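Chemist: Structure below; questions to follow.
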Amino acid sequence: MDLKDLLHVLGRRWKTIVSLFLLAVVASGVYSFLATPQYESKARIFISTDVDDPTEAIAANFISTGRVASYADLATNNELMQLVIDELNLNRGPNELADQIKAEVEPLTVIINITVTDPDAAVAQQIARVHSEAMTEYIGKIDAPKGAVTPIRATVADPASYNPDPVAPRTVLNVIIAGVIGLIIGIGVALLREVIDNTVKTVEHVDKYSGGAGVIAHLAHDPEMAKHPLFSDLSGYAPRAEAFRVLRTNLQFLDLDNQPRSFVITSAIPGEGKTSTSTNLAIALAQAGQRVLLVDGDLRRPRIADLLGLEASVGLTTVLVGKSTLAESIQIHQSSGVSFLAGGPLPPNPTEVLQSQATKDLIGRLRSMFDVVIIDAPPLLPVADAAILARAADGAIMVVRYGKTTRDQLEQATGRLQQVDARMFGVVINRAPRRATSHYYYYYGDSEEETLRTAR
């Protein structure tokens, strides 16, 4: 994965990254807000030697320098902690008090720094004062041989300080660190999701798993789809309207020598938008002046009649069984000019009906009557209906939903068409994010539409 691919991944997964970043920042802020403030007091102990003989002084100084680290380690031993507790009458145990005290040796010196933290600044100062004084006595006690006077002297160089400002929590620092950690985790999770994600998102995915059929259109996700599902309801410069015009144009270049006239619109699985794609493509073709017939070939879950507000009880099945003529069954969608043949009553055996010679003959007849025939078919993987219809028509166009259809499903659906020698003209990627499609028209179209509104 190069830098460009990485940036694309981060762009696609920005919600994951931002969510984890904000979660870390908010959690850090809440923790800092709820945490008990801690105050700090410091004292310094100086270790020296008290001898007159120069030779003994050198030896004693060497001993004190070598032992100063040991003295610091003993600063939190139980005996010393108990002395402090008893002196101040503290309501805590030696181990608990030891957790509040830190003793460190200044590098290349014989100075021990004592740091005490406590929720009360005054108590922290008292502990540091009593502890540092007790420690000076304690060092002299443990370093003196029995009955002898030790040459080592421990002196409080700096008495316990008083700091009225809390040293913890450090809210700003905590938030910054948490934000960086959240950002790193977010990027890691985004990359992990990308690695394990098996859905179709790119042209390369389509080329690889559709047998090289390629992408013939990107339909960007439109939040207004539920309110305005039909192409005829859209503004002339709406991105979704332009996307269907691009699809309409691309159909003209599928086969210049033998221009196809009947298309089956299908998908791998339900919920990928094949019905809305079929309907809007038919409307786009009709607006270009072509005689278009839209056929609801989904004899299991027909939806186009409701979408167009037309009659669903007369259509394909009534024509096939002779209960109505073709002329009687074809309806006209007035606002778009699209001719429509509904599915009719649902048969108990849809696959057998579509596989019959009568259906093949009817599709051939419709093909000769109209410039373009668009057939909405069921998904390929659950049933065989779409593959049968694609074999009877000139071929199929497959709709895949960005980020939902898996690459395995696309490959298997393509295989279903190949098994019956049906031609696949290409793939339409539906509900793609705007960044996954070309932005040039949107900027131009939006600008021109604004210009027209201003001119009015």
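Every chain in the structure tokens has a letter given in the order shown (A, B, ...), and although residue numbers restart at 1 in each chain, ligands are simply numbered from 1 in the order shown.
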Do you know which residues are at most 7 Å from stretch 302-305 of chain A counting only C-alpha atoms, after dropping those on the same chain fewer than 6 positions away, and could you put them as JSON, numbers by chain?

Modeler: {"A": [275, 296, 311, 312, 342, 343]}

Chemist: Compile the contact shell of stretch 154-162 of chain A as JSON, numbers by chain: residues with an atom at most 10 Å away, counting only C-alpha atoms, same-chain residues fewer than 5 positions apart removed.

Modeler: {"A": [39, 40, 41, 42, 43, 44, 45, 46, 47, 48, 49, 64, 71, 110, 111, 112, 113, 114, 115, 116, 121, 122, 123, 124, 125, 126, 127, 128, 129, 130, 131, 132, 133, 134, 135, 136, 137, 138, 139, 140]}

Chemist: Restricted to C-alpha atoms, what would the selected residues look like written as an mmCIF file, in the first residue's frame?

Modeler:
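The resulting part04.cif:
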data_model
loop_
_atom_site.group_PDB
_atom_site.id
_atom_site.type_symbol
_atom_site.label_atom_id
_atom_site.label_comp_id
_atom_site.auth_asym_id
_atom_site.auth_seq_id
_atom_site.Cartn_x
_atom_site.Cartn_y
_atom_site.Cartn_z
ATOM 1 C CA TYR A 39 -0.794 18.555 45.613
ATOM 2 C CA GLU A 40 2.945 18.220 45.940
ATOM 3 C CA SER A 41 5.558 19.108 48.569
ATOM 4 C CA LYS A 42 9.308 18.721 48.159
ATOM 5 C CA ALA A 43 12.249 18.509 50.535
ATOM 6 C CA ARG A 44 15.983 17.902 50.001
ATOM 7 C CA ILE A 45 18.381 15.909 52.171
ATOM 8 C CA PHE A 46 22.140 16.425 51.935
ATOM 9 C CA ILE A 47 24.501 13.560 52.830
ATOM 10 C CA SER A 48 27.920 14.612 54.160
ATOM 11 C CA THR A 49 30.832 13.309 56.295
ATOM 12 C CA SER A 64 28.560 8.268 51.567
ATOM 13 C CA TYR A 71 19.441 5.643 51.532
ATOM 14 C CA VAL A 110 24.819 13.263 47.413
ATOM 15 C CA ILE A 111 21.442 14.993 47.534
ATOM 16 C CA ILE A 112 18.203 13.057 47.958
ATOM 17 C CA ASN A 113 15.015 14.710 46.688
ATOM 18 C CA ILE A 114 11.880 13.789 48.633
ATOM 19 C CA THR A 115 8.544 14.359 46.855
ATOM 20 C CA VAL A 116 5.211 13.839 48.628
ATOM 21 C CA ALA A 121 -1.535 20.679 50.090
ATOM 22 C CA ALA A 122 -1.021 21.294 53.825
ATOM 23 C CA VAL A 123 -0.985 17.576 54.622
ATOM 24 C CA ALA A 124 1.524 16.986 51.824
ATOM 25 C CA GLN A 125 3.809 19.620 53.376
ATOM 26 C CA GLN A 126 3.454 18.103 56.860
ATOM 27 C CA ILE A 127 4.281 14.608 55.598
ATOM 28 C CA ALA A 128 7.304 15.898 53.687
ATOM 29 C CA ARG A 129 8.544 17.834 56.747
ATOM 30 C CA VAL A 130 8.155 14.970 59.213
ATOM 31 C CA HIS A 131 9.480 12.398 56.743
ATOM 32 C CA SER A 132 12.608 14.365 55.824
ATOM 33 C CA GLU A 133 13.429 15.033 59.521
ATOM 34 C CA ALA A 134 12.796 11.427 60.479
ATOM 35 C CA MET A 135 14.906 10.212 57.587
ATOM 36 C CA THR A 136 17.955 12.210 58.657
ATOM 37 C CA GLU A 137 17.801 10.547 62.047
ATOM 38 C CA TYR A 138 17.093 7.174 60.508
ATOM 39 C CA ILE A 139 20.171 7.363 58.238
ATOM 40 C CA GLY A 140 22.430 8.161 61.189
#

Chemist: List as a CSV table (one decimal) with all heavy atoms, in the first residue's frame the protein and nucleic acid residues near stretch 194-197 of chain A, meaning an atom at most 12 Å away when only C-alpha atoms are counted, but skip any in the same chain fewer than 4 places from it.

Modeler:
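Ended up saving to selection-v8.csv:
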chain,number,residue,atom,x,y,z
A,1,MET,N,0.8,-1.2,0.0
A,1,MET,CA,0.0,0.0,0.0
A,1,MET,C,0.9,1.3,0.0
A,1,MET,O,1.7,1.5,0.9
A,1,MET,CB,-0.9,0.0,1.2
A,1,MET,CG,-1.8,1.2,1.3
A,1,MET,SD,-2.9,1.2,2.8
A,1,MET,CE,-3.9,-0.2,2.5
A,5,ASP,N,-2.7,5.2,-1.7
A,5,ASP,CA,-3.7,4.2,-1.3
A,5,ASP,C,-4.0,4.4,0.2
A,5,ASP,O,-5.2,4.3,0.6
A,5,ASP,CB,-3.2,2.8,-1.4
A,5,ASP,CG,-3.0,2.4,-2.9
A,5,ASP,OD1,-3.8,3.0,-3.7
A,5,ASP,OD2,-2.2,1.6,-3.2
A,6,LEU,N,-3.0,4.7,1.0
A,6,LEU,CA,-3.2,5.0,2.4
A,6,LEU,C,-4.1,6.2,2.6
A,6,LEU,O,-5.1,6.1,3.5
A,6,LEU,CB,-1.9,5.2,3.1
A,6,LEU,CG,-1.9,5.6,4.6
A,6,LEU,CD1,-2.6,4.5,5.4
A,6,LEU,CD2,-0.5,5.9,5.1
A,8,HIS,N,-6.4,7.3,0.6
A,8,HIS,CA,-7.7,6.9,0.2
A,8,HIS,C,-8.4,6.1,1.3
A,8,HIS,O,-9.6,6.3,1.5
A,8,HIS,CB,-7.7,6.1,-1.1
A,8,HIS,CG,-7.4,6.9,-2.3
A,8,HIS,ND1,-7.0,6.4,-3.6
A,8,HIS,CD2,-7.4,8.2,-2.5
A,8,HIS,CE1,-6.8,7.3,-4.4
A,8,HIS,NE2,-7.1,8.5,-3.8
A,9,VAL,N,-7.7,5.2,1.9
A,9,VAL,CA,-8.2,4.4,3.0
A,9,VAL,C,-8.6,5.3,4.1
A,9,VAL,O,-9.7,5.1,4.7
A,9,VAL,CB,-7.2,3.3,3.5
A,9,VAL,CG1,-7.7,2.7,4.7
A,9,VAL,CG2,-7.0,2.3,2.4
A,10,LEU,N,-7.7,6.2,4.5
A,10,LEU,CA,-8.1,7.1,5.6
A,10,LEU,C,-9.3,8.0,5.3
A,10,LEU,O,-10.1,8.3,6.1
A,10,LEU,CB,-6.9,8.0,5.9
A,10,LEU,CG,-5.6,7.2,6.4
A,10,LEU,CD1,-4.5,8.2,6.8
A,10,LEU,CD2,-5.9,6.3,7.6
A,11,GLY,N,-9.4,8.4,4.0
A,11,GLY,CA,-10.5,9.1,3.6
A,11,GLY,C,-11.8,8.4,3.7
A,11,GLY,O,-12.9,8.9,4.1
A,12,ARG,N,-11.8,7.1,3.3
A,12,ARG,CA,-13.0,6.2,3.4
A,12,ARG,C,-13.4,5.9,4.8
A,12,ARG,O,-14.5,5.8,5.1
A,12,ARG,CB,-12.8,4.9,2.6
A,12,ARG,CG,-12.8,5.1,1.1
A,12,ARG,CD,-13.0,3.7,0.4
A,12,ARG,NE,-11.9,2.8,0.7
A,12,ARG,CZ,-10.8,2.7,-0.1
A,12,ARG,NH1,-10.7,3.4,-1.2
A,12,ARG,NH2,-9.9,1.8,0.2
A,13,ARG,N,-12.3,5.8,5.7
A,13,ARG,CA,-12.6,5.4,7.1
A,13,ARG,C,-12.5,6.6,8.0
A,13,ARG,O,-12.3,6.4,9.2
A,13,ARG,CB,-11.6,4.3,7.5
A,13,ARG,CG,-11.5,3.1,6.6
A,13,ARG,CD,-12.8,2.3,6.7
A,13,ARG,NE,-12.7,1.0,5.9
A,13,ARG,CZ,-13.6,0.1,5.9
A,13,ARG,NH1,-14.7,0.3,6.6
A,13,ARG,NH2,-13.5,-0.9,5.2
A,14,TRP,N,-12.7,7.8,7.6
A,14,TRP,CA,-12.5,8.9,8.4
A,14,TRP,C,-13.4,8.9,9.6
A,14,TRP,O,-13.1,9.4,10.7
A,14,TRP,CB,-12.6,10.2,7.6
A,14,TRP,CG,-14.0,10.5,7.2
A,14,TRP,CD1,-14.6,10.1,6.0
A,14,TRP,CD2,-15.0,11.3,7.9
A,14,TRP,NE1,-15.9,10.6,5.9
A,14,TRP,CE2,-16.2,11.3,7.0
A,14,TRP,CE3,-15.1,11.9,9.1
A,14,TRP,CZ2,-17.4,11.9,7.4
A,14,TRP,CZ3,-16.3,12.5,9.5
A,14,TRP,CH2,-17.4,12.5,8.6
A,16,THR,N,-14.4,6.4,11.4
A,16,THR,CA,-13.8,5.5,12.4
A,16,THR,C,-12.7,6.3,13.2
A,16,THR,O,-12.6,6.3,14.4
A,16,THR,CB,-13.2,4.2,11.8
A,16,THR,OG1,-14.3,3.5,11.2
A,16,THR,CG2,-12.6,3.4,12.9
A,187,ILE,N,-6.4,5.2,13.4
A,187,ILE,CA,-5.8,4.8,12.1
A,187,ILE,C,-5.5,3.3,12.0
A,187,ILE,O,-5.7,2.7,11.0
A,187,ILE,CB,-4.5,5.6,11.9
A,187,ILE,CG1,-4.8,7.1,11.8
A,187,ILE,CG2,-3.7,5.1,10.7
A,187,ILE,CD1,-3.5,8.0,11.8
A,188,GLY,N,-5.1,2.7,13.1
A,188,GLY,CA,-4.9,1.3,13.1
A,188,GLY,C,-6.1,0.5,12.9
A,188,GLY,O,-6.1,-0.4,12.1
A,189,VAL,N,-7.2,0.9,13.5
A,189,VAL,CA,-8.5,0.2,13.3
A,189,VAL,C,-9.0,0.4,11.9
A,189,VAL,O,-9.5,-0.5,11.3
A,189,VAL,CB,-9.5,0.8,14.3
A,189,VAL,CG1,-10.9,0.2,14.0
A,189,VAL,CG2,-9.2,0.4,15.8
A,190,ALA,N,-8.8,1.6,11.4
A,190,ALA,CA,-9.2,1.9,10.0
A,190,ALA,C,-8.5,1.0,9.0
A,190,ALA,O,-9.1,0.4,8.1
A,190,ALA,CB,-9.0,3.4,9.6
A,201,LYS,N,-15.7,-1.7,-3.6
A,201,LYS,CA,-15.6,-0.2,-3.5
A,201,LYS,C,-14.9,0.5,-4.6
A,201,LYS,O,-15.1,1.7,-4.8
A,201,LYS,CB,-14.8,0.1,-2.2
A,201,LYS,CG,-15.5,-0.2,-0.9
A,201,LYS,CD,-14.8,0.4,0.3
A,201,LYS,CE,-15.6,0.3,1.6
A,201,LYS,NZ,-15.7,-1.1,2.0
A,205,HIS,N,-11.7,-3.5,-8.0
A,205,HIS,CA,-12.5,-4.6,-7.5
A,205,HIS,C,-13.5,-5.2,-8.5
A,205,HIS,O,-13.6,-6.4,-8.7
A,205,HIS,CB,-13.3,-4.2,-6.2
A,205,HIS,CG,-12.5,-3.8,-5.1
A,205,HIS,ND1,-12.9,-3.0,-4.0
A,205,HIS,CD2,-11.2,-4.1,-4.8
A,205,HIS,CE1,-12.0,-2.9,-3.1
A,205,HIS,NE2,-10.9,-3.5,-3.6
A,402,TYR,N,-22.1,0.0,-3.1
A,402,TYR,CA,-20.8,0.3,-2.6
A,402,TYR,C,-20.8,0.0,-1.1
A,402,TYR,O,-21.6,0.4,-0.3
A,402,TYR,CB,-20.6,1.8,-2.8
A,402,TYR,CG,-19.3,2.3,-2.2
A,402,TYR,CD1,-18.2,2.5,-3.1
A,402,TYR,CD2,-19.1,2.7,-0.9
A,402,TYR,CE1,-17.0,3.0,-2.6
A,402,TYR,CE2,-17.9,3.1,-0.4
A,402,TYR,CZ,-16.8,3.3,-1.3
A,402,TYR,OH,-15.6,3.8,-0.8
A,403,GLY,N,-19.8,-0.8,-0.7
A,403,GLY,CA,-19.6,-1.1,0.7
A,403,GLY,C,-20.5,-2.2,1.3
A,403,GLY,O,-20.5,-2.4,2.5
A,404,LYS,N,-21.4,-2.8,0.4
A,404,LYS,CA,-22.3,-3.8,0.9
A,404,LYS,C,-22.1,-5.1,0.2
A,404,LYS,O,-21.9,-6.2,0.7
A,404,LYS,CB,-23.7,-3.3,0.8
A,404,LYS,CG,-24.7,-4.4,1.3
A,404,LYS,CD,-26.2,-4.0,1.1
A,404,LYS,CE,-27.1,-5.1,1.6
A,404,LYS,NZ,-28.5,-4.7,1.4
A,405,THR,N,-22.1,-5.0,-1.2
A,405,THR,CA,-21.9,-6.2,-2.0
A,405,THR,C,-20.5,-6.7,-1.8
A,405,THR,O,-19.5,-5.9,-2.0
A,405,THR,CB,-22.2,-5.9,-3.5
A,405,THR,OG1,-23.4,-5.2,-3.6
A,405,THR,CG2,-22.1,-7.2,-4.3
A,406,THR,N,-20.3,-7.9,-1.5
A,406,THR,CA,-18.9,-8.5,-1.3
A,406,THR,C,-18.4,-8.9,-2.7
A,406,THR,O,-19.1,-9.1,-3.6
A,406,THR,CB,-18.9,-9.7,-0.4
A,406,THR,OG1,-19.6,-10.8,-1.0
A,406,THR,CG2,-19.6,-9.4,1.0
A,407,ARG,N,-17.1,-9.0,-2.7
A,407,ARG,CA,-16.4,-9.4,-3.9
A,407,ARG,C,-16.7,-10.8,-4.3
A,407,ARG,O,-16.8,-11.1,-5.5
A,407,ARG,CB,-14.9,-9.2,-3.7
A,407,ARG,CG,-14.5,-7.8,-3.4
A,407,ARG,CD,-13.1,-7.6,-2.9
A,407,ARG,NE,-12.9,-6.4,-2.1
A,407,ARG,CZ,-11.9,-6.1,-1.4
A,407,ARG,NH1,-10.8,-6.9,-1.4
A,407,ARG,NH2,-11.8,-5.0,-0.7
A,408,ASP,N,-16.9,-11.6,-3.3
A,408,ASP,CA,-17.3,-13.0,-3.6
A,408,ASP,C,-18.7,-13.1,-4.2
A,408,ASP,O,-18.9,-13.8,-5.1
A,408,ASP,CB,-17.3,-13.9,-2.3
A,408,ASP,CG,-15.9,-14.1,-1.7
A,408,ASP,OD1,-14.9,-13.9,-2.5
A,408,ASP,OD2,-15.8,-14.3,-0.5

Chemist: Please return as number ranges by chain: the residues of stretch 110-287 of chain A that backbone DSSP assigns to alpha helix (DSSP H).

Modeler: A: 121-143, 171-196, 203-209, 239-251, 274-287

Chemist: Choose the residue, out of A:Val172, A:Leu80, A:Leu254, A:Ala386, that has the smallest atom-to-atom separation from A:Gly93; count only C-alpha atoms.

Modeler: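 Selected residue with least distance to A:Gly93: A:Leu80.
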
Chemist: Kindly give the distance, in Å, that separates atom CA of A:Asp73 and atom CA of A:Ala103, rounded to a single decimal.

Modeler: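 Distance reported for this atom pair: 7.2 Å.
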
Chemist: Looking at A:Ala178, A:Ala432, A:Ala413, A:Val167, which one is nearest to A:Gln38, with distances taken over only C-alpha atoms?

Modeler: A:Val167

Chemist: Pick the closest to A:Pro345 from A:Val314, A:Ile375, A:Leu34, A:Ile330: which is it, counting only C-alpha atoms?

Modeler: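 Nearest candidate to A:Pro345 out of A:Val314, A:Ile375, A:Leu34, A:Ile330: A:Val314.
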
Chemist: Hey, what does DSSP flag as strand (DSSP E or B) within stretch 222-297 of chain A? Can you give it to me as a ChimeraX atom specification?

Modeler: /A:262-267,292-296

Chemist: Taking only C-alpha atoms into account, which of A:Met81, A:Leu307, A:Leu285, A:Ala69 comes nearest A:Leu108?

Modeler: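 Under the stated criterion, the closest residue is A:Ala69.
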
Chemist: Taking only C-alpha atoms into account, which of A:Pro379, A:Pro166, A:Pro260, A:Pro270 comes nearest A:Arg367?

Modeler: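 Among A:Pro379, A:Pro166, A:Pro260, A:Pro270, it is A:Pro260 that comes nearest to A:Arg367.
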